[in-house]
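So this one's input12.cif, mmCIF, C-alpha atoms:
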data_start
loop_
_atom_site.label_atom_id
_atom_site.label_comp_id
_atom_site.auth_asym_id
_atom_site.auth_seq_id
_atom_site.Cartn_x
_atom_site.Cartn_y
_atom_site.Cartn_z
CA MET A 13 26.05 -129.55 -76.50
CA ILE A 14 23.63 -127.13 -78.10
CA ALA A 15 20.34 -126.34 -76.38
CA GLU A 16 17.45 -124.16 -77.51
CA LEU A 17 16.72 -121.56 -74.84
CA PRO A 18 13.15 -121.34 -73.61
CA ARG A 19 11.43 -117.97 -74.00
CA ASP A 20 11.90 -116.89 -70.37
CA GLU A 21 15.67 -117.41 -70.64
CA ILE A 22 15.77 -115.55 -73.95
CA ASP A 23 13.90 -112.67 -72.30
CA ALA A 24 16.33 -112.72 -69.37
CA LEU A 25 19.27 -112.53 -71.79
CA LEU A 26 17.66 -109.63 -73.68
CA HIS A 27 17.10 -107.80 -70.38
CA GLU A 28 20.67 -108.45 -69.17
CA GLN A 29 22.70 -107.53 -72.22
CA VAL A 30 23.65 -103.93 -72.91
CA VAL A 31 24.91 -104.09 -76.50
CA GLY A 32 22.95 -105.68 -79.33
CA ARG A 33 23.56 -105.70 -83.05
CA ILE A 34 21.05 -104.75 -85.67
CA GLY A 35 21.24 -106.44 -89.05
CA CYS A 36 19.50 -104.65 -91.88
CA HIS A 37 19.46 -104.98 -95.64
CA ALA A 38 18.63 -102.53 -98.42
CA ASP A 39 19.67 -102.08 -102.05
CA GLY A 40 21.78 -105.23 -102.01
CA LEU A 41 23.80 -104.26 -98.94
CA THR A 42 23.68 -106.11 -95.62
CA TYR A 43 24.79 -104.02 -92.67
CA VAL A 44 25.38 -104.99 -89.03
CA VAL A 45 25.76 -102.26 -86.45
CA PRO A 46 26.05 -102.30 -82.66
CA VAL A 47 23.63 -100.34 -80.47
CA ILE A 48 22.86 -99.95 -76.80
CA TYR A 49 19.21 -100.67 -76.14
CA ALA A 50 16.41 -101.20 -73.64
CA TYR A 51 13.88 -104.05 -73.79
CA ASP A 52 10.32 -104.06 -72.44
CA GLY A 53 9.37 -107.62 -73.37
CA GLU A 54 7.78 -106.64 -76.67
CA ALA A 55 10.25 -104.38 -78.39
CA LEU A 56 13.86 -103.19 -78.31
CA TYR A 57 14.28 -99.42 -77.92
CA VAL A 58 17.17 -97.43 -79.34
CA ALA A 59 18.10 -93.76 -79.56
CA THR A 60 20.70 -93.06 -82.21
CA VAL A 61 21.74 -90.44 -84.70
CA GLU A 62 20.55 -90.11 -88.26
CA GLY A 63 22.80 -92.20 -90.50
CA GLN A 64 23.24 -95.28 -92.65
CA LYS A 65 21.29 -97.66 -90.40
CA THR A 66 18.24 -95.39 -90.07
CA ARG A 67 18.17 -94.79 -93.83
CA MET A 68 18.42 -98.53 -94.52
CA MET A 69 15.77 -99.51 -91.97
CA ARG A 70 13.32 -96.98 -93.40
CA ARG A 71 13.79 -98.60 -96.83
CA ASN A 72 13.45 -102.12 -95.43
CA PRO A 73 11.99 -102.34 -91.91
CA GLU A 74 12.36 -106.12 -91.63
CA VAL A 75 15.45 -106.39 -89.45
CA CYS A 76 17.35 -108.78 -87.25
CA PHE A 77 18.60 -108.05 -83.73
CA GLU A 78 21.22 -110.14 -81.96
CA VAL A 79 22.78 -110.40 -78.50
CA ASP A 80 25.39 -112.85 -77.31
CA GLU A 81 27.47 -113.78 -74.31
CA TYR A 82 30.62 -115.82 -74.75
CA GLU A 83 32.92 -117.12 -72.08
CA ARG A 84 35.60 -119.80 -72.35
CA GLY A 85 33.89 -121.62 -75.15
CA SER A 86 30.35 -121.43 -73.77
CA TRP A 87 27.73 -119.34 -75.48
CA ARG A 88 24.31 -117.90 -74.97
CA SER A 89 22.73 -115.96 -77.81
CA ALA A 90 19.38 -114.62 -78.87
CA ILE A 91 18.35 -113.74 -82.40
CA VAL A 92 15.25 -111.65 -82.98
CA GLN A 93 13.36 -111.12 -86.21
CA GLY A 94 11.47 -107.87 -85.93
CA VAL A 95 10.17 -104.73 -87.54
CA TYR A 96 11.64 -101.24 -87.36
CA GLU A 97 9.27 -98.52 -86.17
CA GLU A 98 10.44 -94.96 -85.89
CA LEU A 99 9.12 -93.12 -82.83
CA ALA A 100 7.93 -89.55 -82.43
CA GLY A 101 6.28 -87.42 -79.77
CA VAL A 102 5.27 -89.22 -76.56
CA ASP A 103 6.49 -92.58 -77.93
CA ALA A 104 9.97 -91.14 -78.44
CA ASP A 105 9.81 -89.57 -74.96
CA ALA A 106 8.91 -92.96 -73.47
CA ALA A 107 11.82 -94.63 -75.28
CA ILE A 108 14.25 -91.97 -74.03
CA GLU A 109 12.91 -92.49 -70.49
CA LEU A 110 13.37 -96.28 -70.73
CA LEU A 111 16.94 -95.81 -71.99
CA ALA A 112 17.66 -93.23 -69.28
CA GLU A 113 16.62 -95.77 -66.62
CA ARG A 114 19.29 -98.13 -67.95
CA PHE A 115 22.06 -95.78 -68.98
CA GLY A 116 21.58 -92.62 -66.98
CA ARG A 117 20.43 -89.21 -68.09
CA ALA A 118 21.34 -87.72 -71.44
CA GLY A 119 25.01 -87.23 -72.00
CA ARG A 120 26.12 -89.25 -68.98
CA ASP A 121 27.31 -92.87 -68.84
CA GLY A 122 26.89 -93.33 -72.53
CA ALA A 123 23.26 -92.28 -72.66
CA PRO A 124 22.52 -90.52 -75.91
CA ARG A 125 22.17 -86.75 -75.79
CA ARG A 126 19.03 -85.73 -77.64
CA ARG A 127 19.36 -83.36 -80.55
CA HIS A 128 16.65 -82.00 -82.82
CA GLY A 129 16.85 -81.48 -86.56
CA GLY A 130 19.64 -81.66 -89.10
CA GLU A 131 22.86 -83.63 -89.12
CA GLY A 132 23.42 -85.56 -85.91
CA SER A 133 19.79 -85.29 -84.84
CA THR A 134 18.44 -87.98 -82.53
CA VAL A 135 16.32 -90.76 -84.02
CA CYS A 136 14.32 -92.91 -81.59
CA PHE A 137 13.02 -96.23 -82.80
CA ARG A 138 11.88 -99.60 -81.62
CA ILE A 139 12.26 -103.02 -83.14
CA ARG A 140 9.04 -104.86 -82.46
CA VAL A 141 9.84 -108.50 -81.70
CA HIS A 142 8.08 -110.89 -84.07
CA GLU A 143 10.09 -114.05 -83.65
CA VAL A 144 12.93 -114.92 -81.33
CA THR A 145 15.24 -117.89 -80.98
CA GLY A 146 17.90 -118.48 -78.39
CA ARG A 147 20.69 -120.97 -78.01
CA ALA A 148 23.07 -122.07 -75.34
CA VAL A 149 26.21 -123.98 -76.22
CA ALA A 150 28.12 -125.51 -73.34
CA ARG A 151 31.53 -127.08 -73.89
CA MET B 20 32.97 -87.54 -79.96
CA ILE B 21 32.95 -89.93 -82.89
CA ALA B 22 36.21 -90.72 -84.69
CA GLU B 23 36.87 -92.88 -87.73
CA LEU B 24 39.48 -95.51 -86.88
CA PRO B 25 42.50 -95.74 -89.19
CA ARG B 26 43.11 -99.09 -90.85
CA ASP B 27 45.85 -100.19 -88.44
CA GLU B 28 43.55 -99.69 -85.44
CA ILE B 29 40.73 -101.52 -87.21
CA ASP B 30 43.14 -104.40 -87.87
CA ALA B 31 44.22 -104.39 -84.22
CA LEU B 32 40.56 -104.57 -83.13
CA LEU B 33 39.88 -107.44 -85.54
CA HIS B 34 42.93 -109.29 -84.18
CA GLU B 35 41.96 -108.68 -80.52
CA GLN B 36 38.30 -109.57 -80.55
CA VAL B 37 37.17 -113.17 -80.18
CA VAL B 38 33.50 -113.00 -81.12
CA GLY B 39 32.24 -111.40 -84.31
CA ARG B 40 28.80 -111.33 -85.88
CA ILE B 41 28.01 -112.25 -89.43
CA GLY B 42 25.10 -110.56 -91.13
CA CYS B 43 23.70 -112.31 -94.16
CA HIS B 44 20.60 -111.96 -96.28
CA ALA B 45 18.75 -114.39 -98.54
CA ASP B 46 15.17 -114.80 -99.70
CA GLY B 47 14.02 -111.67 -97.90
CA LEU B 48 15.45 -112.67 -94.52
CA THR B 49 18.28 -110.83 -92.75
CA TYR B 50 20.10 -112.95 -90.20
CA VAL B 51 22.81 -112.00 -87.68
CA VAL B 52 24.73 -114.76 -85.97
CA PRO B 53 27.74 -114.74 -83.60
CA VAL B 54 30.88 -116.72 -84.41
CA ILE B 55 34.36 -117.14 -83.03
CA TYR B 56 36.94 -116.40 -85.68
CA ALA B 57 40.57 -115.88 -86.61
CA TYR B 58 41.87 -113.01 -88.77
CA ASP B 59 44.96 -113.01 -90.97
CA GLY B 60 44.76 -109.43 -92.26
CA GLU B 61 42.90 -110.40 -95.42
CA ALA B 62 40.07 -112.64 -94.34
CA LEU B 63 38.13 -113.83 -91.30
CA TYR B 64 38.18 -117.61 -90.78
CA VAL B 65 35.40 -119.60 -89.16
CA ALA B 66 34.67 -123.27 -88.55
CA THR B 67 31.04 -123.96 -87.86
CA VAL B 68 28.37 -126.58 -88.38
CA GLU B 69 26.09 -126.85 -91.36
CA GLY B 70 22.98 -124.79 -90.72
CA GLN B 71 20.96 -121.68 -91.53
CA LYS B 72 23.92 -119.31 -91.88
CA THR B 73 25.89 -121.58 -94.25
CA ARG B 74 22.78 -122.15 -96.41
CA MET B 75 22.07 -118.41 -96.55
CA MET B 76 25.69 -117.43 -97.33
CA ARG B 77 25.84 -119.95 -100.18
CA ARG B 78 22.74 -118.32 -101.68
CA ASN B 79 24.12 -114.80 -101.16
CA PRO B 80 27.85 -114.60 -100.43
CA GLU B 81 27.87 -110.81 -99.94
CA VAL B 82 27.98 -110.58 -96.16
CA CYS B 83 28.77 -108.19 -93.33
CA PHE B 84 31.00 -108.97 -90.34
CA GLU B 85 31.00 -106.90 -87.17
CA VAL B 86 33.01 -106.67 -83.95
CA ASP B 87 32.57 -104.23 -81.10
CA GLU B 88 33.90 -103.34 -77.72
CA TYR B 89 31.79 -101.31 -75.33
CA GLU B 90 32.75 -100.04 -71.91
CA ARG B 91 31.03 -97.36 -69.82
CA GLY B 92 29.66 -95.53 -72.78
CA SER B 93 32.79 -95.70 -74.94
CA TRP B 94 32.81 -97.78 -78.10
CA ARG B 95 35.13 -99.20 -80.65
CA SER B 96 33.66 -101.11 -83.56
CA ALA B 97 34.62 -102.43 -86.96
CA ILE B 98 32.26 -103.28 -89.78
CA VAL B 99 33.50 -105.36 -92.70
CA GLN B 100 31.87 -105.86 -96.06
CA GLY B 101 33.12 -109.10 -97.50
CA VAL B 102 32.50 -112.22 -99.50
CA TYR B 103 31.81 -115.71 -98.19
CA GLU B 104 34.10 -118.43 -99.52
CA GLU B 105 33.67 -122.01 -98.42
CA LEU B 106 36.94 -123.85 -97.83
CA ALA B 107 37.91 -127.43 -98.61
CA GLY B 108 41.05 -129.58 -98.52
CA VAL B 109 44.26 -127.81 -97.57
CA ASP B 110 42.48 -124.44 -97.30
CA ALA B 111 40.10 -125.89 -94.71
CA ASP B 112 43.08 -127.49 -92.92
CA ALA B 113 44.85 -124.11 -92.80
CA ALA B 114 41.73 -122.43 -91.38
CA ILE B 115 41.40 -125.10 -88.70
CA GLU B 116 45.08 -124.60 -87.84
CA LEU B 117 44.65 -120.82 -87.55
CA LEU B 118 41.62 -121.28 -85.29
CA ALA B 119 43.45 -123.89 -83.22
CA GLU B 120 46.27 -121.38 -82.58
CA ARG B 121 43.69 -118.99 -81.08
CA PHE B 122 41.28 -121.33 -79.37
CA GLY B 123 43.21 -124.52 -78.66
CA ARG B 124 42.93 -127.91 -80.25
CA ALA B 125 39.64 -129.38 -81.39
CA GLY B 126 37.10 -129.87 -78.66
CA ARG B 127 39.04 -127.89 -76.04
CA ASP B 128 38.49 -124.29 -74.94
CA GLY B 129 35.66 -123.78 -77.33
CA ALA B 130 37.56 -124.82 -80.44
CA PRO B 131 35.25 -126.53 -82.89
CA ARG B 132 35.51 -130.28 -83.12
CA ARG B 133 35.73 -131.33 -86.76
CA ARG B 134 33.09 -133.67 -88.12
CA HIS B 135 32.71 -135.00 -91.63
CA GLY B 136 29.48 -135.48 -93.55
CA GLY B 137 25.83 -135.29 -92.66
CA GLU B 138 24.02 -133.31 -89.97
CA GLY B 139 26.40 -131.44 -87.69
CA SER B 140 29.31 -131.71 -90.13
CA THR B 141 32.00 -129.02 -89.95
CA VAL B 142 31.94 -126.23 -92.52
CA CYS B 143 35.07 -124.10 -92.83
CA PHE B 144 34.82 -120.77 -94.54
CA ARG B 145 36.45 -117.39 -94.82
CA ILE B 146 35.00 -113.96 -95.33
CA ARG B 147 37.36 -112.10 -97.61
CA VAL B 148 37.55 -108.47 -96.50
CA HIS B 149 36.57 -106.06 -99.27
CA GLU B 150 35.80 -102.93 -97.31
CA VAL B 151 36.17 -102.08 -93.68
CA THR B 152 35.18 -99.14 -91.54
CA GLY B 153 35.86 -98.57 -87.88
CA ARG B 154 34.64 -96.10 -85.33
CA ALA B 155 35.53 -95.03 -81.86
CA VAL B 156 33.07 -93.13 -79.72
CA ALA B 157 34.42 -91.64 -76.52
CA ARG B 158 32.10 -90.09 -73.93
#
This entry written out as structure tokens:
Amino acid sequence: MIAELPRDEIDALLHEQVVGRIGCHADGLTYVVPVIYAYDGEALYVATVEGQKTRMMRRNPEVCFEVDEYERGSWRSAIVQGVYEELAGVDADAAIELLAERFGRAGRDGAPRRRHGGEGSTVCFRIRVHEVTGRAVAR
Amino acid sequence: MIAELPRDEIDALLHEQVVGRIGCHADGLTYVVPVIYAYDGEALYVATVEGQKTRMMRRNPEVCFEVDEYERGSWRSAIVQGVYEELAGVDADAAIELLAERFGRAGRDGAPRRRHGGEGSTVCFRIRVHEVTGRAVAR
């Protein structure tokens, strides 16, 4: 039995889950990578380090974001189509604050430690939610 | 601390995990969708129903497959680049058998029930592993 989730249940799932996966595509390559995130109802916020995903999303900001929950054959999942926006200044500070509320302060409990400049520097971004679908499968 | 996983640990992670996510791209759209799967060391096997992901993977069989495990800020993840191959006849039967060993017989414990023809018909496929990377992040 497959059911489409209504928007309020999709939002609840996006608020509950801790790990989501970003799907991005550039230069013929499709790449899926897990991230921890925070959600404010309009966008998904991530702090990460400079690397393949940030390079790919700058080239092609149209991305997908996915969360799922699976238990004994029953599923709930949400799939977002959205747009990558890199954050700087006060917007990056706000994202870090939102993530800190969920994951603790920098360097503790998995919260990203913020670094400036060069290799391993912190990149804050949001994925602005354009379209979202959710499904529940009960067996 | 980020470490690259050696191939045997990547294989162990792919054998252990139950849910993976396929990333595919066609006609300008990137799509990430969760699946349950079986792994035989060379390919990931899935039985699903006809739908958006099967249509997209037929158009562009170069796909990504991802699994992750996250606990209290520590990660393990594997990211596969592979090729979609739809299965028929004895190859589809073998895939169904492999999935049944993991998830139980059709219709029980989340194992897909097999249907033939039309809307909701079963599609068996494998993603042949071409490249795989794995990471562990300990905090």
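One finds atom CA of A:Asp80 at 17.4 Å from atom CA of A:Tyr57.
In terms of minimum interatomic distance to B:Arg95, B:Gly153 ranks closest within B:Arg26, B:Gly70, B:Gly153, B:Glu35, counting all atoms listed in the file.
Proximity to stretch 43-47 of chain A at 6 Å, evaluated using all atoms listed in the file and with sequence-adjacent residues fewer than 2 positions away removed, yields Val31, Gly32, Arg33, Ile34, Gly35 and Cys36 of chain A; Gly42 and Cys83 of chain B.
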Using all atoms listed in the file, which residues sit within 12 Å of B:Leu48 once same-chain residues fewer than 4 positions away are excluded, as a PyMOL selection string? (chain A and resi 35-38+42+72-76+92-95) or (chain B and resi 42-44+71-72+75-76+78-79)
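Of the listed residues A:Arg84, A:Arg114, A:Arg70, A:Arg126, the one whose atoms come nearest to chain B is A:Arg84, with distances taken using all atoms listed in the file.
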Which residues come within 7 Å of B:Arg145, counting all atoms listed in the file, excluding same-chain residues fewer than 3 positions away, as an mmCIF file with C-alpha atoms, in the frame of the given file?
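around_32.cif, freshly written:
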data_model
loop_
_atom_site.group_PDB
_atom_site.id
_atom_site.type_symbol
_atom_site.label_atom_id
_atom_site.label_comp_id
_atom_site.auth_asym_id
_atom_site.auth_seq_id
_atom_site.Cartn_x
_atom_site.Cartn_y
_atom_site.Cartn_z
ATOM 1 C CA ALA B 62 40.070 -112.640 -94.340
ATOM 2 C CA LEU B 63 38.130 -113.830 -91.300
ATOM 3 C CA TYR B 64 38.180 -117.610 -90.780
ATOM 4 C CA VAL B 65 35.400 -119.600 -89.160
ATOM 5 C CA TYR B 103 31.810 -115.710 -98.190
ATOM 6 C CA GLU B 104 34.100 -118.430 -99.520
ATOM 7 C CA GLU B 105 33.670 -122.010 -98.420
#
For atom CA of A:Val61 and atom CA of B:Val86, the interatomic separation in Å (one decimal): 19.8 Å
Fit chain B to chain A, using all C-alpha atoms paired in sequence order for the least-squares superposition, and then show me the result as a PDB file with C-alpha atoms, keeping the file's coordinate frame.
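Generated output (superposed_14.pdb):
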ATOM      1  CA  MET B  20      26.059-129.552 -76.473  1.00  0.00           C
ATOM      2  CA  ILE B  21      23.643-127.141 -78.100  1.00  0.00           C
ATOM      3  CA  ALA B  22      20.338-126.352 -76.384  1.00  0.00           C
ATOM      4  CA  GLU B  23      17.452-124.173 -77.509  1.00  0.00           C
ATOM      5  CA  LEU B  24      16.718-121.560 -74.847  1.00  0.00           C
ATOM      6  CA  PRO B  25      13.120-121.326 -73.619  1.00  0.00           C
ATOM      7  CA  ARG B  26      11.413-117.966 -74.009  1.00  0.00           C
ATOM      8  CA  ASP B  27      11.898-116.895 -70.384  1.00  0.00           C
ATOM      9  CA  GLU B  28      15.668-117.407 -70.633  1.00  0.00           C
ATOM     10  CA  ILE B  29      15.770-115.553 -73.947  1.00  0.00           C
ATOM     11  CA  ASP B  30      13.893-112.678 -72.289  1.00  0.00           C
ATOM     12  CA  ALA B  31      16.327-112.718 -69.363  1.00  0.00           C
ATOM     13  CA  LEU B  32      19.268-112.531 -71.799  1.00  0.00           C
ATOM     14  CA  LEU B  33      17.653-109.641 -73.683  1.00  0.00           C
ATOM     15  CA  HIS B  34      17.095-107.813 -70.378  1.00  0.00           C
ATOM     16  CA  GLU B  35      20.675-108.445 -69.155  1.00  0.00           C
ATOM     17  CA  GLN B  36      22.687-107.540 -72.208  1.00  0.00           C
ATOM     18  CA  VAL B  37      23.636-103.938 -72.915  1.00  0.00           C
ATOM     19  CA  VAL B  38      24.893-104.087 -76.490  1.00  0.00           C
ATOM     20  CA  GLY B  39      22.935-105.659 -79.322  1.00  0.00           C
ATOM     21  CA  ARG B  40      23.541-105.704 -83.055  1.00  0.00           C
ATOM     22  CA  ILE B  41      21.032-104.755 -85.677  1.00  0.00           C
ATOM     23  CA  GLY B  42      21.230-106.421 -89.054  1.00  0.00           C
ATOM     24  CA  CYS B  43      19.495-104.644 -91.888  1.00  0.00           C
ATOM     25  CA  HIS B  44      19.454-104.966 -95.646  1.00  0.00           C
ATOM     26  CA  ALA B  45      18.612-102.513 -98.422  1.00  0.00           C
ATOM     27  CA  ASP B  46      19.638-102.080-102.040  1.00  0.00           C
ATOM     28  CA  GLY B  47      21.763-105.218-102.019  1.00  0.00           C
ATOM     29  CA  LEU B  48      23.782-104.248 -98.945  1.00  0.00           C
ATOM     30  CA  THR B  49      23.674-106.112 -95.622  1.00  0.00           C
ATOM     31  CA  TYR B  50      24.790-104.018 -92.676  1.00  0.00           C
ATOM     32  CA  VAL B  51      25.376-104.996 -89.030  1.00  0.00           C
ATOM     33  CA  VAL B  52      25.741-102.256 -86.463  1.00  0.00           C
ATOM     34  CA  PRO B  53      26.038-102.306 -82.644  1.00  0.00           C
ATOM     35  CA  VAL B  54      23.627-100.333 -80.469  1.00  0.00           C
ATOM     36  CA  ILE B  55      22.842 -99.937 -76.806  1.00  0.00           C
ATOM     37  CA  TYR B  56      19.203-100.668 -76.139  1.00  0.00           C
ATOM     38  CA  ALA B  57      16.410-101.197 -73.642  1.00  0.00           C
ATOM     39  CA  TYR B  58      13.882-104.057 -73.782  1.00  0.00           C
ATOM     40  CA  ASP B  59      10.336-104.054 -72.436  1.00  0.00           C
ATOM     41  CA  GLY B  60       9.361-107.623 -73.345  1.00  0.00           C
ATOM     42  CA  GLU B  61       7.771-106.624 -76.640  1.00  0.00           C
ATOM     43  CA  ALA B  62      10.250-104.380 -78.377  1.00  0.00           C
ATOM     44  CA  LEU B  63      13.860-103.203 -78.291  1.00  0.00           C
ATOM     45  CA  TYR B  64      14.278 -99.427 -77.933  1.00  0.00           C
ATOM     46  CA  VAL B  65      17.177 -97.438 -79.330  1.00  0.00           C
ATOM     47  CA  ALA B  66      18.103 -93.769 -79.571  1.00  0.00           C
ATOM     48  CA  THR B  67      20.696 -93.069 -82.200  1.00  0.00           C
ATOM     49  CA  VAL B  68      21.757 -90.435 -84.690  1.00  0.00           C
ATOM     50  CA  GLU B  69      20.548 -90.134 -88.239  1.00  0.00           C
ATOM     51  CA  GLY B  70      22.800 -92.186 -90.484  1.00  0.00           C
ATOM     52  CA  GLN B  71      23.238 -95.282 -92.636  1.00  0.00           C
ATOM     53  CA  LYS B  72      21.294 -97.661 -90.387  1.00  0.00           C
ATOM     54  CA  THR B  73      18.237 -95.383 -90.050  1.00  0.00           C
ATOM     55  CA  ARG B  74      18.171 -94.785 -93.831  1.00  0.00           C
ATOM     56  CA  MET B  75      18.436 -98.521 -94.527  1.00  0.00           C
ATOM     57  CA  MET B  76      15.772 -99.510 -91.958  1.00  0.00           C
ATOM     58  CA  ARG B  77      13.329 -96.970 -93.398  1.00  0.00           C
ATOM     59  CA  ARG B  78      13.798 -98.577 -96.821  1.00  0.00           C
ATOM     60  CA  ASN B  79      13.451-102.106 -95.411  1.00  0.00           C
ATOM     61  CA  PRO B  80      11.985-102.327 -91.906  1.00  0.00           C
ATOM     62  CA  GLU B  81      12.367-106.120 -91.644  1.00  0.00           C
ATOM     63  CA  VAL B  82      15.448-106.377 -89.454  1.00  0.00           C
ATOM     64  CA  CYS B  83      17.353-108.791 -87.242  1.00  0.00           C
ATOM     65  CA  PHE B  84      18.602-108.041 -83.721  1.00  0.00           C
ATOM     66  CA  GLU B  85      21.230-110.133 -81.975  1.00  0.00           C
ATOM     67  CA  VAL B  86      22.789-110.394 -78.516  1.00  0.00           C
ATOM     68  CA  ASP B  87      25.395-112.853 -77.316  1.00  0.00           C
ATOM     69  CA  GLU B  88      27.462-113.772 -74.339  1.00  0.00           C
ATOM     70  CA  TYR B  89      30.614-115.810 -74.780  1.00  0.00           C
ATOM     71  CA  GLU B  90      32.920-117.108 -72.091  1.00  0.00           C
ATOM     72  CA  ARG B  91      35.603-119.796 -72.379  1.00  0.00           C
ATOM     73  CA  GLY B  92      33.897-121.599 -75.176  1.00  0.00           C
ATOM     74  CA  SER B  93      30.363-121.427 -73.773  1.00  0.00           C
ATOM     75  CA  TRP B  94      27.732-119.325 -75.497  1.00  0.00           C
ATOM     76  CA  ARG B  95      24.328-117.896 -74.975  1.00  0.00           C
ATOM     77  CA  SER B  96      22.732-115.960 -77.800  1.00  0.00           C
ATOM     78  CA  ALA B  97      19.377-114.619 -78.882  1.00  0.00           C
ATOM     79  CA  ILE B  98      18.347-113.740 -82.404  1.00  0.00           C
ATOM     80  CA  VAL B  99      15.238-111.644 -82.981  1.00  0.00           C
ATOM     81  CA  GLN B 100      13.352-111.114 -86.199  1.00  0.00           C
ATOM     82  CA  GLY B 101      11.472-107.869 -85.936  1.00  0.00           C
ATOM     83  CA  VAL B 102      10.165-104.732 -87.540  1.00  0.00           C
ATOM     84  CA  TYR B 103      11.650-101.249 -87.360  1.00  0.00           C
ATOM     85  CA  GLU B 104       9.282 -98.529 -86.176  1.00  0.00           C
ATOM     86  CA  GLU B 105      10.448 -94.955 -85.896  1.00  0.00           C
ATOM     87  CA  LEU B 106       9.128 -93.133 -82.836  1.00  0.00           C
ATOM     88  CA  ALA B 107       7.954 -89.551 -82.436  1.00  0.00           C
ATOM     89  CA  GLY B 108       6.292 -87.415 -79.760  1.00  0.00           C
ATOM     90  CA  VAL B 109       5.291 -89.204 -76.577  1.00  0.00           C
ATOM     91  CA  ASP B 110       6.493 -92.569 -77.931  1.00  0.00           C
ATOM     92  CA  ALA B 111       9.974 -91.128 -78.460  1.00  0.00           C
ATOM     93  CA  ASP B 112       9.812 -89.553 -74.976  1.00  0.00           C
ATOM     94  CA  ALA B 113       8.916 -92.941 -73.463  1.00  0.00           C
ATOM     95  CA  ALA B 114      11.824 -94.618 -75.280  1.00  0.00           C
ATOM     96  CA  ILE B 115      14.245 -91.966 -74.045  1.00  0.00           C
ATOM     97  CA  GLU B 116      12.913 -92.487 -70.512  1.00  0.00           C
ATOM     98  CA  LEU B 117      13.379 -96.267 -70.736  1.00  0.00           C
ATOM     99  CA  LEU B 118      16.944 -95.810 -71.996  1.00  0.00           C
ATOM    100  CA  ALA B 119      17.657 -93.223 -69.305  1.00  0.00           C
ATOM    101  CA  GLU B 120      16.613 -95.749 -66.623  1.00  0.00           C
ATOM    102  CA  ARG B 121      19.285 -98.139 -67.952  1.00  0.00           C
ATOM    103  CA  PHE B 122      22.055 -95.801 -68.988  1.00  0.00           C
ATOM    104  CA  GLY B 123      21.584 -92.624 -66.966  1.00  0.00           C
ATOM    105  CA  ARG B 124      20.430 -89.222 -68.057  1.00  0.00           C
ATOM    106  CA  ALA B 125      21.316 -87.730 -71.415  1.00  0.00           C
ATOM    107  CA  GLY B 126      24.999 -87.249 -72.006  1.00  0.00           C
ATOM    108  CA  ARG B 127      26.092 -89.256 -68.952  1.00  0.00           C
ATOM    109  CA  ASP B 128      27.299 -92.861 -68.825  1.00  0.00           C
ATOM    110  CA  GLY B 129      26.883 -93.343 -72.509  1.00  0.00           C
ATOM    111  CA  ALA B 130      23.245 -92.288 -72.650  1.00  0.00           C
ATOM    112  CA  PRO B 131      22.498 -90.552 -75.919  1.00  0.00           C
ATOM    113  CA  ARG B 132      22.176 -86.801 -75.804  1.00  0.00           C
ATOM    114  CA  ARG B 133      19.031 -85.726 -77.636  1.00  0.00           C
ATOM    115  CA  ARG B 134      19.376 -83.366 -80.569  1.00  0.00           C
ATOM    116  CA  HIS B 135      16.674 -82.010 -82.826  1.00  0.00           C
ATOM    117  CA  GLY B 136      16.874 -81.503 -86.574  1.00  0.00           C
ATOM    118  CA  GLY B 137      19.642 -81.684 -89.116  1.00  0.00           C
ATOM    119  CA  GLU B 138      22.877 -83.676 -89.140  1.00  0.00           C
ATOM    120  CA  GLY B 139      23.443 -85.572 -85.908  1.00  0.00           C
ATOM    121  CA  SER B 140      19.798 -85.296 -84.843  1.00  0.00           C
ATOM    122  CA  THR B 141      18.443 -87.998 -82.526  1.00  0.00           C
ATOM    123  CA  VAL B 142      16.330 -90.770 -84.025  1.00  0.00           C
ATOM    124  CA  CYS B 143      14.325 -92.910 -81.610  1.00  0.00           C
ATOM    125  CA  PHE B 144      13.030 -96.227 -82.793  1.00  0.00           C
ATOM    126  CA  ARG B 145      11.880 -99.612 -81.618  1.00  0.00           C
ATOM    127  CA  ILE B 146      12.249-103.032 -83.132  1.00  0.00           C
ATOM    128  CA  ARG B 147       9.035-104.885 -82.451  1.00  0.00           C
ATOM    129  CA  VAL B 148       9.839-108.524 -81.702  1.00  0.00           C
ATOM    130  CA  HIS B 149       8.072-110.910 -84.074  1.00  0.00           C
ATOM    131  CA  GLU B 150      10.118-114.051 -83.648  1.00  0.00           C
ATOM    132  CA  VAL B 151      12.927-114.928 -81.330  1.00  0.00           C
ATOM    133  CA  THR B 152      15.246-117.879 -80.985  1.00  0.00           C
ATOM    134  CA  GLY B 153      17.909-118.478 -78.390  1.00  0.00           C
ATOM    135  CA  ARG B 154      20.698-120.961 -78.006  1.00  0.00           C
ATOM    136  CA  ALA B 155      23.084-122.059 -75.345  1.00  0.00           C
ATOM    137  CA  VAL B 156      26.224-123.964 -76.215  1.00  0.00           C
ATOM    138  CA  ALA B 157      28.128-125.482 -73.326  1.00  0.00           C
ATOM    139  CA  ARG B 158      31.565-127.041 -73.827  1.00  0.00           C
TER     140      ARG B 158
END
Spatial neighbours of stretch 27-33 of chain B, max dist 8 Å, all atoms listed in the file, sep filter under 2 positions, as an NGL selection string: :B and (24-25 or 35-36 or 58 or 60 or 86 or 96-97 or 151-153)
Nearest to chain B, chosen from A:Ser86, A:Asp105, A:Thr66, A:Leu99, with all atoms listed in the file counted in the distances: A:Ser86
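Of the listed residues B:Ile115, B:Ile98, B:Ala66, B:Ile21, the one whose atoms come nearest to chain A is B:Ile98, with distances taken using only C-alpha atoms.
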Which residues come within 12 Å of B:Ala113, counting all atoms listed in the file, excluding same-chain residues fewer than 2 positions away, as a list in words? Ala57, Asp59, Tyr64, Val65, Ala66, Leu106, Ala107, Gly108, Val109, Asp110, Ala111, Ile115, Glu116, Leu117, Leu118, Ala119, Glu120, Cys143, Phe144 and Arg145 of chain B
